[in-house]
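K.L.:
Take a look at start-v4.csv, CSV, C-alpha atoms (C1' of nucleotides):
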```csv
chain,number,residue,atom,x,y,z
A,225,MET,CA,-83.5,34.8,-47.5
A,226,LYS,CA,-81.9,32.7,-50.1
A,227,ASP,CA,-84.3,29.9,-50.0
A,228,VAL,CA,-83.4,27.4,-52.6
A,229,GLU,CA,-86.2,24.9,-52.4
A,230,ARG,CA,-89.4,25.9,-54.0
A,231,GLY,CA,-92.2,23.9,-55.4
A,232,GLU,CA,-92.2,24.5,-59.1
A,233,ILE,CA,-93.6,22.8,-62.0
A,234,ILE,CA,-92.0,22.1,-65.3
A,235,CYS,CA,-92.9,19.7,-68.0
A,236,LEU,CA,-90.7,16.8,-67.6
A,237,ASN,CA,-90.3,16.3,-71.4
A,238,CYS,CA,-89.8,19.8,-72.8
A,239,GLY,CA,-89.4,21.9,-69.8
A,240,TRP,CA,-92.2,24.3,-70.4
A,241,VAL,CA,-95.7,23.0,-70.9
A,242,VAL,CA,-96.9,22.2,-67.4
A,243,VAL,CA,-96.4,25.8,-66.4
A,244,ASP,CA,-99.7,26.7,-68.0
A,245,HIS,CA,-101.6,24.3,-65.9
A,246,VAL,CA,-100.1,25.8,-62.8
A,247,MET,CA,-101.6,29.1,-63.5
A,248,ASP,CA,-105.1,27.8,-63.0
A,249,GLN,CA,-104.4,26.0,-59.8
A,250,GLY,CA,-106.1,27.3,-56.6
A,251,PRO,CA,-104.3,28.0,-53.3
A,252,GLU,CA,-103.3,24.3,-53.2
A,253,TRP,CA,-101.0,24.5,-56.2
A,254,ARG,CA,-97.8,24.4,-54.2
A,255,ALA,CA,-98.6,21.1,-52.6
A,256,PHE,CA,-100.0,19.8,-55.8
A,257,ASN,CA,-96.7,20.6,-57.5
A,258,GLU,CA,-94.6,19.1,-54.9
A,259,GLU,CA,-96.6,15.9,-54.9
A,260,GLN,CA,-96.7,15.6,-58.6
A,261,ARG,CA,-93.1,16.5,-58.9
A,262,LEU,CA,-92.1,13.7,-56.5
A,263,ARG,CA,-94.4,11.3,-58.1
A,264,ARG,CA,-93.1,12.0,-61.6
A,265,ALA,CA,-89.5,12.2,-60.6
A,266,ARG,CA,-89.6,8.6,-59.5
A,267,ALA,CA,-91.7,7.3,-62.3
A,268,GLY,CA,-90.6,5.5,-65.4
A,269,SER,CA,-87.5,3.4,-66.1
A,270,PRO,CA,-84.2,5.1,-66.4
A,271,LEU,CA,-83.6,6.5,-69.8
A,272,SER,CA,-80.7,5.5,-72.0
A,273,PRO,CA,-78.3,8.4,-71.7
A,274,LEU,CA,-78.1,7.8,-68.0
A,275,LYS,CA,-77.1,4.3,-68.3
A,276,PRO,CA,-73.4,3.8,-68.3
A,277,ASN,CA,-73.4,2.1,-71.6
A,278,LYS,CA,-76.4,3.9,-73.1
A,279,GLY,CA,-78.0,0.5,-73.3
A,280,LEU,CA,-75.9,-0.4,-76.2
A,281,SER,CA,-73.4,-2.8,-74.7
A,282,THR,CA,-73.1,-6.4,-75.8
A,283,MET,CA,-76.0,-8.5,-74.6
A,284,ILE,CA,-76.1,-12.2,-74.8
A,285,ASP,CA,-79.5,-13.5,-75.8
A,286,TRP,CA,-81.3,-15.6,-73.3
A,287,ARG,CA,-82.6,-18.0,-75.8
A,288,ASN,CA,-80.3,-21.0,-76.1
A,289,LYS,CA,-80.0,-20.8,-79.8
A,290,ASP,CA,-77.1,-20.3,-82.1
A,291,VAL,CA,-76.9,-17.9,-85.0
A,292,SER,CA,-78.7,-20.2,-87.3
A,293,GLY,CA,-81.5,-20.6,-84.9
A,294,LYS,CA,-80.8,-24.1,-83.8
A,295,PHE,CA,-80.9,-25.0,-80.2
A,296,LEU,CA,-77.6,-25.4,-78.5
A,297,SER,CA,-76.3,-28.7,-77.3
A,298,PRO,CA,-76.9,-29.4,-73.6
A,299,GLU,CA,-73.2,-29.4,-72.9
A,300,LYS,CA,-72.9,-25.8,-74.1
A,301,ARG,CA,-75.7,-24.3,-72.1
A,302,PRO,CA,-73.9,-24.0,-68.7
A,303,GLN,CA,-70.9,-22.5,-70.5
A,304,LEU,CA,-73.2,-19.9,-72.1
A,305,SER,CA,-74.8,-18.9,-68.9
A,306,ARG,CA,-71.4,-18.4,-67.3
A,307,LEU,CA,-70.6,-16.1,-70.2
A,308,ARG,CA,-73.7,-14.2,-69.7
A,309,ARG,CA,-72.9,-13.6,-66.1
A,310,LEU,CA,-69.4,-12.5,-66.8
A,311,ASN,CA,-70.5,-10.2,-69.5
A,312,LYS,CA,-72.8,-8.5,-67.1
A,313,ILE,CA,-70.1,-8.0,-64.5
A,314,ILE,CA,-67.6,-6.7,-67.0
A,315,SER,CA,-69.9,-4.3,-68.6
A,316,VAL,CA,-70.1,-2.2,-65.5
A,317,SER,CA,-66.7,-2.8,-63.9
A,318,GLU,CA,-64.6,-1.3,-66.6
A,319,PRO,CA,-63.0,1.8,-65.1
A,320,SER,CA,-64.6,4.4,-67.3
A,321,GLU,CA,-68.0,2.8,-66.8
A,322,LYS,CA,-67.6,2.9,-63.1
A,323,ASN,CA,-66.8,6.6,-63.4
A,324,TYR,CA,-70.0,7.1,-65.3
A,325,MET,CA,-72.0,5.3,-62.8
A,326,ILE,CA,-70.8,7.5,-60.0
A,327,ALA,CA,-71.3,10.6,-62.1
A,328,PHE,CA,-74.7,9.7,-63.2
A,329,ALA,CA,-75.8,8.8,-59.8
A,330,GLU,CA,-74.7,12.2,-58.7
A,331,ILE,CA,-76.5,13.9,-61.5
A,332,GLU,CA,-79.7,12.1,-60.8
A,333,ARG,CA,-79.4,12.9,-57.1
A,334,ILE,CA,-79.0,16.6,-57.7
A,335,VAL,CA,-81.7,16.7,-60.4
A,336,ALA,CA,-84.1,15.0,-58.1
A,337,GLN,CA,-83.3,17.2,-55.2
A,338,LEU,CA,-83.8,20.4,-57.2
A,339,GLY,CA,-86.9,19.0,-58.8
A,340,LEU,CA,-85.6,19.6,-62.3
A,341,PRO,CA,-87.1,17.8,-65.3
A,342,ARG,CA,-85.7,14.6,-66.6
A,343,ALA,CA,-84.5,16.1,-69.8
A,344,ILE,CA,-81.9,18.0,-67.7
A,345,ALA,CA,-80.5,14.8,-66.3
A,346,GLU,CA,-80.2,13.3,-69.8
A,347,GLU,CA,-78.6,16.4,-71.2
A,348,ALA,CA,-76.2,16.6,-68.3
A,349,ALA,CA,-75.3,12.9,-68.8
A,350,ILE,CA,-74.6,13.5,-72.5
A,351,LEU,CA,-72.4,16.5,-71.6
A,352,TYR,CA,-70.6,14.4,-69.1
A,353,ARG,CA,-69.8,11.8,-71.6
A,354,LYS,CA,-68.4,14.4,-74.0
A,355,ALA,CA,-66.3,15.8,-71.2
A,356,ALA,CA,-65.0,12.4,-70.2
A,357,LYS,CA,-64.1,11.7,-73.8
A,358,LYS,CA,-62.0,14.8,-73.9
A,359,ARG,CA,-60.3,13.8,-70.6
A,360,LEU,CA,-61.5,16.9,-68.9
A,361,ILE,CA,-62.2,15.1,-65.6
A,362,LYS,CA,-58.6,14.3,-65.0
A,363,GLY,CA,-57.6,15.9,-61.8
A,364,ARG,CA,-61.0,17.2,-61.1
A,365,SER,CA,-63.7,15.7,-58.9
A,366,ILE,CA,-66.4,13.8,-60.5
A,367,GLU,CA,-68.9,15.6,-58.4
A,368,SER,CA,-67.9,19.0,-59.6
A,369,MET,CA,-68.0,18.0,-63.2
A,370,ALA,CA,-71.4,16.4,-62.7
A,371,ALA,CA,-72.8,19.5,-61.2
A,372,ALA,CA,-71.2,21.7,-63.9
A,373,CYS,CA,-72.9,19.5,-66.5
A,374,ILE,CA,-76.3,20.1,-64.8
A,375,TYR,CA,-75.7,23.8,-64.7
A,376,ALA,CA,-74.9,23.8,-68.4
A,377,ALA,CA,-77.8,21.6,-69.2
A,378,CYS,CA,-80.1,24.0,-67.4
A,379,ARG,CA,-78.9,26.9,-69.4
A,380,MET,CA,-79.2,25.0,-72.7
A,381,HIS,CA,-82.8,24.2,-71.8
A,382,LYS,CA,-83.6,27.7,-70.8
A,383,ILE,CA,-84.4,26.8,-67.3
A,384,PRO,CA,-82.0,29.1,-65.5
A,385,ARG,CA,-80.7,28.0,-62.2
A,386,GLY,CA,-78.0,30.0,-60.4
A,387,LEU,CA,-74.7,28.4,-59.8
A,388,ASP,CA,-75.3,28.7,-56.1
A,389,GLU,CA,-78.6,27.0,-56.3
A,390,ILE,CA,-76.9,24.0,-57.8
A,391,SER,CA,-73.9,24.0,-55.5
A,392,GLY,CA,-76.3,24.0,-52.6
A,393,SER,CA,-77.3,20.5,-53.5
A,394,ALA,CA,-74.1,19.3,-54.9
A,395,ARG,CA,-71.3,17.6,-53.1
A,396,ALA,CA,-68.7,20.0,-54.4
A,397,ASP,CA,-68.1,23.6,-53.6
A,398,ARG,CA,-69.2,26.5,-55.7
A,399,ARG,CA,-65.8,27.5,-56.9
A,400,GLU,CA,-64.9,24.0,-58.1
A,401,ILE,CA,-68.1,23.7,-60.0
A,402,GLY,CA,-67.5,27.1,-61.6
A,403,ARG,CA,-64.0,26.0,-62.8
A,404,SER,CA,-65.4,22.7,-64.2
A,405,TYR,CA,-68.1,24.6,-65.9
A,406,ARG,CA,-65.7,27.0,-67.6
A,407,LEU,CA,-63.7,24.2,-68.9
A,408,LEU,CA,-66.8,22.4,-70.0
A,409,ALA,CA,-68.0,25.5,-71.8
A,410,LYS,CA,-64.8,26.0,-73.6
A,411,GLU,CA,-64.1,22.5,-74.7
A,412,VAL,CA,-67.5,20.8,-75.1
A,413,ILE,CA,-70.3,23.3,-75.5
A,414,LEU,CA,-69.8,25.1,-78.7
A,415,LYS,CA,-72.6,27.6,-78.4
A,416,VAL,CA,-74.4,28.4,-75.2
A,417,PRO,CA,-76.6,31.3,-75.6
A,418,PRO,CA,-75.9,33.4,-72.4
A,419,SER,CA,-78.9,33.2,-70.2
A,420,LYS,CA,-81.3,36.0,-71.1
A,421,ALA,CA,-83.5,37.9,-68.7
A,422,THR,CA,-86.6,36.7,-70.3
A,423,ASP,CA,-85.7,33.1,-69.4
A,424,TYR,CA,-86.2,34.0,-65.7
A,425,VAL,CA,-89.6,35.4,-66.2
A,426,PRO,CA,-91.9,32.3,-66.4
A,427,ARG,CA,-90.5,31.0,-63.2
A,428,LEU,CA,-91.1,34.2,-61.4
A,429,ILE,CA,-94.5,34.6,-62.7
A,430,ASN,CA,-95.3,31.2,-61.6
A,431,THR,CA,-94.0,31.3,-58.0
A,432,LEU,CA,-95.6,34.7,-57.5
A,433,ARG,CA,-98.9,33.5,-59.0
A,434,LEU,CA,-99.2,36.3,-61.5
A,435,SER,CA,-101.3,36.2,-64.6
A,436,ALA,CA,-100.2,35.6,-68.1
A,437,GLU,CA,-100.7,39.2,-69.1
A,438,VAL,CA,-98.1,40.2,-66.6
A,439,GLU,CA,-95.8,37.7,-68.1
A,440,GLN,CA,-96.3,39.0,-71.6
A,441,LEU,CA,-95.8,42.6,-70.5
A,442,ALA,CA,-92.7,41.8,-68.5
A,443,ILE,CA,-91.2,40.1,-71.5
A,444,ARG,CA,-92.1,43.1,-73.6
A,445,ILE,CA,-90.5,45.4,-71.1
A,446,ILE,CA,-87.3,43.3,-71.1
A,447,ARG,CA,-87.2,43.5,-74.9
A,448,GLU,CA,-87.5,47.2,-74.8
A,449,ALA,CA,-84.8,47.5,-72.2
A,450,TYR,CA,-82.6,45.3,-74.2
A,451,SER,CA,-83.0,47.4,-77.3
A,452,LEU,CA,-82.1,50.5,-75.3
A,453,ARG,CA,-78.9,48.9,-74.2
A,454,LEU,CA,-80.0,48.9,-70.6
A,455,THR,CA,-78.8,45.4,-70.1
A,456,SER,CA,-75.0,45.4,-70.5
A,457,GLY,CA,-73.2,44.2,-67.5
A,458,ARG,CA,-76.4,43.8,-65.5
A,459,MET,CA,-77.5,40.6,-63.9
A,460,PRO,CA,-80.2,39.1,-66.1
A,461,LYS,CA,-82.2,37.9,-63.2
A,462,GLY,CA,-82.1,41.4,-61.7
A,463,LEU,CA,-83.6,42.9,-64.8
A,464,ALA,CA,-86.1,40.1,-65.0
A,465,ALA,CA,-87.2,40.8,-61.4
A,466,ALA,CA,-87.6,44.5,-62.0
A,467,ALA,CA,-89.5,43.9,-65.2
A,468,VAL,CA,-91.9,41.6,-63.5
A,469,TYR,CA,-92.3,44.1,-60.7
A,470,LEU,CA,-93.1,46.9,-63.1
A,471,ALA,CA,-95.4,44.7,-65.1
A,472,ALA,CA,-97.3,43.6,-62.0
A,473,ILE,CA,-97.9,47.2,-61.0
A,474,LEU,CA,-99.1,48.1,-64.4
A,475,MET,CA,-101.5,45.3,-64.4
A,476,ASN,CA,-102.8,46.0,-61.0
A,477,GLN,CA,-101.4,42.9,-59.5
A,478,LYS,CA,-98.8,44.5,-57.4
A,479,ARG,CA,-96.3,42.4,-55.5
A,480,THR,CA,-93.9,43.8,-52.9
A,481,GLN,CA,-90.3,44.3,-53.9
A,482,ARG,CA,-89.4,41.9,-51.2
A,483,GLU,CA,-91.5,39.1,-52.5
A,484,ILE,CA,-90.1,39.5,-56.0
A,485,ALA,CA,-86.6,39.9,-54.8
A,486,SER,CA,-86.6,36.8,-52.7
A,487,ASN,CA,-88.1,34.7,-55.5
A,488,ALA,CA,-85.6,35.9,-58.0
A,489,ASN,CA,-82.7,35.4,-55.7
A,490,VAL,CA,-81.6,39.0,-55.8
A,491,THR,CA,-82.0,41.7,-53.2
A,492,GLU,CA,-84.6,44.4,-53.0
A,493,VAL,CA,-82.0,47.0,-53.7
A,494,THR,CA,-81.1,45.5,-57.0
A,495,VAL,CA,-84.8,45.3,-57.9
A,496,ARG,CA,-85.1,48.9,-57.0
A,497,ASN,CA,-82.1,50.0,-59.0
A,498,ARG,CA,-83.2,48.2,-62.1
A,499,PHE,CA,-86.7,49.4,-61.6
A,500,LYS,CA,-85.5,53.0,-61.4
A,501,GLU,CA,-83.5,52.6,-64.6
A,502,LEU,CA,-86.5,51.2,-66.3
A,503,MET,CA,-88.7,54.0,-65.2
A,504,GLU,CA,-86.2,56.5,-66.5
A,505,LYS,CA,-85.7,55.0,-69.9
A,506,LEU,CA,-89.1,53.5,-70.6
A,507,GLN,CA,-91.4,56.3,-69.8
A,508,PHE,CA,-93.0,56.3,-73.2
A,509,ILE,CA,-94.3,52.8,-72.6
A,510,VAL,CA,-96.1,53.9,-69.5
A,511,VAL,CA,-97.6,56.8,-71.4
A,512,VAL,CA,-99.0,54.5,-74.0
B,657,DA,C1',-97.0,48.4,-39.0
B,658,DA,C1',-95.3,47.4,-43.4
B,659,DG,C1',-93.4,48.7,-47.6
B,660,DA,C1',-90.4,51.6,-50.3
B,661,DC,C1',-86.2,54.3,-50.7
B,662,DG,C1',-81.3,55.3,-50.6
B,663,DA,C1',-76.6,55.8,-48.5
B,664,DA,C1',-72.5,53.5,-47.0
B,665,DA,C1',-69.6,49.8,-46.4
B,666,DG,C1',-68.6,45.0,-47.8
B,667,DT,C1',-68.2,41.0,-51.1
B,668,DG,C1',-67.1,38.2,-55.2
B,669,DG,C1',-65.9,38.2,-60.1
B,670,DT,C1',-63.8,40.2,-64.1
B,671,DT,C1',-60.0,42.8,-66.4
B,672,DG,C1',-55.6,44.4,-67.5
B,673,DA,C1',-50.6,44.7,-66.3
C,128,DT,C1',-50.5,36.3,-60.3
C,129,DC,C1',-52.2,40.6,-58.3
C,130,DA,C1',-54.6,44.9,-57.9
C,131,DA,C1',-58.3,48.0,-59.6
C,132,DC,C1',-62.9,48.3,-60.7
C,133,DA,C1',-67.9,47.9,-61.4
C,134,DA,C1',-72.0,45.5,-60.1
C,135,DC,C1',-74.4,43.5,-56.5
C,136,DT,C1',-75.4,42.6,-51.4
C,137,DT,C1',-75.9,43.8,-46.7
C,138,DT,C1',-77.2,46.8,-43.3
C,139,DC,C1',-79.6,50.4,-41.5
C,140,DG,C1',-82.0,54.7,-41.0
C,141,DT,C1',-85.7,57.5,-42.9
C,142,DC,C1',-89.8,58.5,-45.5
C,143,DT,C1',-94.5,57.1,-47.2
C,144,DT,C1',-98.9,54.6,-47.2
```
Would it be possible to restate this file's structure as structure tokens?
P.N.:
Amino acid sequence: MKDVERGEIICLNCGWVVVDHVMDQGPEWRAFNEEQRLRRARAGSPLSPLKPNKGLSTMIDWRNKDVSGKFLSPEKRPQLSRLRRLNKIISVSEPSEKNYMIAFAEIERIVAQLGLPRAIAEEAAILYRKAAKKRLIKGRSIESMAAACIYAACRMHKIPRGLDEISGSARADRREIGRSYRLLAKEVILKVPPSKATDYVPRLINTLRLSAEVEQLAIRIIREAYSLRLTSGRMPKGLAAAAVYLAAILMNQKRTQREIASNANVTEVTVRNRFKELMEKLQFIVVV
DNA sequence: AAGACGAAAGTGGTTGA
DNA sequence: TCAACAACTTTCGTCTT
């Protein structure tokens, strides 16, 4: 019922673009997505924010020249190569760097498992650095903070994932992640726009294979609902699900409540309740 | 037979003392 | 820190298509 894994395509750079392509795919799109996702997820060299030292640590040039460009004397070369080797070891064995390595490995693991875009991993890594700088990880597990960073990064990039979706793939329990996230939100992230209902729409439209018109309409419905104060205290994803349901009906592309509910990670009942409210308050839209 | 609907009891998260 | 509370879920029976 709460199936977490779902082939889904997101542009690995910006988080959005590829979605459009998916709309045109035939029945095979799911497999195509998965395949492409895996292929892309493993491609390319690791990007800088995910390296413990951001790629900015001291490097000793491999050319045996000194500052003035003259070649070094033969006696000095072995010494230099020893230095190089030592420098390499030291640069990752400093305690804080080791911490980063564990954290970043965890971040990459979760991101890969959930099929999230690379930008998320980078954002999460940046957040993790900031958290570490403020000593927020003291007394907390690295894993929970890493997961919290991913959760935050997802929200910042408008790719909403539930806390439970992430905790499902994390090596820390939901409660701990929640705590870490709160701390993170308070101390590091200055402004996190609370996730809006419209953020959930593209993903739903996608997995349900609905058309772009439905998406537009659903978003319009949500805007209306928002301006009518129908949204306070309600789960954004619940509202999103109901709006998509309504939009699909209006566009003659009806999906069952069950389909929508399971894809939005809410229950049918919630979809129904939101749907009912929408019908009560938004009648004038239907008339038009 | 499957989807939609709603009531009742249960659950987790927020709020206020 | 604890209890009250609202929103949401689960479960299940009934109605509609």
K.L.:
Residues of chain A within 10 Å of chain C: nearest atom pair and distance (Å, one decimal) for each, counting only C-alpha atoms (C1' of nucleotides), sorted by chain and number, as JSON lines?
P.N.:
```
{"residue": "A:Gly457", "atom": "CA", "partner": "C:DA134", "partner_atom": "C1'", "distance": 7.6}
{"residue": "A:Arg458", "atom": "CA", "partner": "C:DA134", "partner_atom": "C1'", "distance": 7.2}
{"residue": "A:Met459", "atom": "CA", "partner": "C:DA134", "partner_atom": "C1'", "distance": 8.3}
{"residue": "A:Gly462", "atom": "CA", "partner": "C:DC135", "partner_atom": "C1'", "distance": 9.5}
{"residue": "A:Val490", "atom": "CA", "partner": "C:DT136", "partner_atom": "C1'", "distance": 8.4}
{"residue": "A:Thr491", "atom": "CA", "partner": "C:DT136", "partner_atom": "C1'", "distance": 6.9}
{"residue": "A:Glu492", "atom": "CA", "partner": "C:DT136", "partner_atom": "C1'", "distance": 9.5}
{"residue": "A:Val493", "atom": "CA", "partner": "C:DT136", "partner_atom": "C1'", "distance": 8.3}
{"residue": "A:Thr494", "atom": "CA", "partner": "C:DC135", "partner_atom": "C1'", "distance": 7.0}
```
K.L.:
Using only C-alpha atoms (C1' of nucleotides), find which residues of chain A lie within 10 Å of chain B and jot them down as an MDAnalysis selection string.
P.N.:
chainID A and resid 480:482 492:493 496:497
K.L.:
Between atom CA of A:Ser391 and atom CA of A:Met325, what is the distance, to one decimal in Å?
P.N.:
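The value is 20.2 Å.
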K.L.:
Measure the distance from atom CA of A:Ile331 to atom CA of A:Asp423 in Å and round it to one decimal.
P.N.:
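The value is 22.7 Å.
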K.L.:
Quick one: distance from atom CA of A:Arg444 to atom CA of A:Leu502 in Å, one decimal?
P.N.:
12.3 Å
